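Taking it in order: structure first as structure tokens, then the write-up.
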Amino acid sequence: MPGLGEFQRIDRYFKPLAAGFPGALGLGDDAGLLSPGPGEDLVATTDSMVEGVHYLPGEKPSRLARKLLRVNLSDLAAKGARPLAYMLTTALPRSAEEGWIAAFADGLRQDQERFGIHLLGGDSVSVEGPAVLGITAFGTAPKGRALLRSGARPGDIIHVSGALGDGALGLESLRGRLPDLDPAHRRHLADRYTLPEPRMELGRRLIGVATASMDISDGLPGDLPHICHASGVAARVETARIPLSPAGRAALAADPGLERLALSGGDDYELLFTAPPEAAETLAALALELSLPLTAIGEISAGEGAAFIGPDGAPVGDLKGWTHFQP
Ligand SMILES: [Mg+2]
């Protein structure tokens, strides 16, 4: 890092992110310490972002930091876990400037405060190629009760939180498609792509209600089969029931060719979960309390694989999970 040694960088920008978490040992030891409380499981997850693959080059470093933290938090949410601490690994080009690091650390600070998580430790290296940013996040869940992908049973209803498609439409809009869309809708979609909202409270409250849960990062058609596979069941979704936001609906009205993308696109970070039909009332009350729509989109049956049924009653054949944008 030009002008700033690794230790100075840690002292100036990263130590403050570890303050207030005794197990981080002020980032001054070989490792950090984590102690989940009695009766709790430690829940761990990791996610990386590569410049040019998972984010647009030139993305603001503070937003990037927040998204990196949030995609990890979303995995904790999907397990019903409370955030505890995280490890950060950065591989940055030698040309990365101090201002970039400062803004990146500030983004982490903002979301640490918002979500109640602390930096526990990490590593940084310099690379010639594109930047690679990685976080390993730890959370806690009541022992033996974390939400898994494997609990869906025939007869369960499939639900999603919020609205789907915004992330993929937001990326399209950032790339210059949808030029005539109302600016407020465009901003909404772009924000959903660059700054997803991990459903922390929903995840925690689904413990004991949902039978299986995961977050939607690769798109519904890519992610739902994971629940089917892990649970040994089949899923049937009616595409007309997939919830869209007002901005998403406006985008599809402006450019109907984006419909497939909206139904299958990734980067929404909503929760996809199954629950028995008797949970309907509990879920309706929870949706009201959290001001977060929870929408039933289909059901689980015996068998295998996920089927997507269009409004005409015929299977929609070519909905595919969509992982990363192609530059
Ligand atoms: Mg996930």
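Ligands are numbered from 1 in the order shown, residues from 1 within each chain, and chains are lettered A, B, ... in the order they appear in the structure tokens.
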Contact residues around Pro315 of chain A with only C-alpha atoms at 10 Å, ignoring same-chain residues under 4 positions, as a list in words: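 Non-adjacent residues within range: Arg236, Val237, Glu238, Thr239, Ala307, Phe308, Ile309, Gly310, Pro311 and Leu319 of chain A.
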Show me which residues sit within 7 Å of ligand 1 when counting only C-alpha atoms and all ligand atoms, and put them as a list of chain:residue names.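 Sorted by chain and then by number, the residues are A:Ser74, A:Asp75, A:Met214, A:Asp215, A:Ile216, A:Ser217.
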Minimum-distance residue to Gly139 of chain A, chosen among A:Gly28, A:Pro36, A:Gly313, A:Gly58 (using only C-alpha atoms):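 Smallest separation from Gly139 of chain A among the options: A:Pro36.
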Between A:Ala65, A:Asp156, A:Ser161, A:Val125, which is the closest to Ala280 of chain A once you count only C-alpha atoms? A:Asp156
Strand (DSSP E or B) call set, DSSP backbone run, segment 73-277 of chain A, as JSON, numbers by chain: {"A": [82, 83, 84, 85, 86, 87, 88, 89, 90, 91, 92, 93, 118, 119, 120, 121, 122, 123, 124, 125, 126, 127, 132, 133, 134, 135, 136, 137, 138, 139, 140, 141, 142, 157, 158, 159, 160, 161, 212, 213, 214, 215, 234, 235, 236, 237, 238, 271, 272, 273, 274, 275]}
Name the closest residue to Asn72 of chain A among the candidates A:Arg94, A:Arg199, A:Arg205, A:Lys15; distances are taken between atoms, counting only C-alpha atoms.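 Closest residue, counting only C-alpha atoms: A:Arg199.
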Would you mind writing down, as a ChimeraX atom specification, each residue of segment 62-177 of chain A that DSSP on the backbone assigns to alpha helix (DSSP H)? /A:62-78,98-115,166-174
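Between Ser301 of chain A and the residues A:Gly122, A:Pro154, A:Pro61, A:Gly20, the shortest atom-to-atom distance, using only C-alpha atoms, involves A:Pro154.
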Which neighbours of Arg175 of chain A fall inside 12 Å, counting only C-alpha atoms, when residues of the same chain fewer than 3 positions from it are skipped, and could you give them as a PyMOL selection string? chain A and resi 55-57+168-172+178-179+186+189-190+193+325-327
d(atom CA of Thr89 of chain A, atom CA of Leu119 of chain A) in Å: 11.1 Å
Residue contacts of Leu17 of chain A (8 Å, only C-alpha atoms) excluding same-chain residues fewer than 3 positions away, as a list in words: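 The residues satisfying every condition are Tyr13, Phe14, Ala105, Leu108, Arg109, Gln112, His118 and Leu119 of chain A.
Closest approach to Ile158 of chain A among A:Ala31, A:Met87, A:Ala131, A:Ala234 is made by A:Ala234 (distances from only C-alpha atoms).
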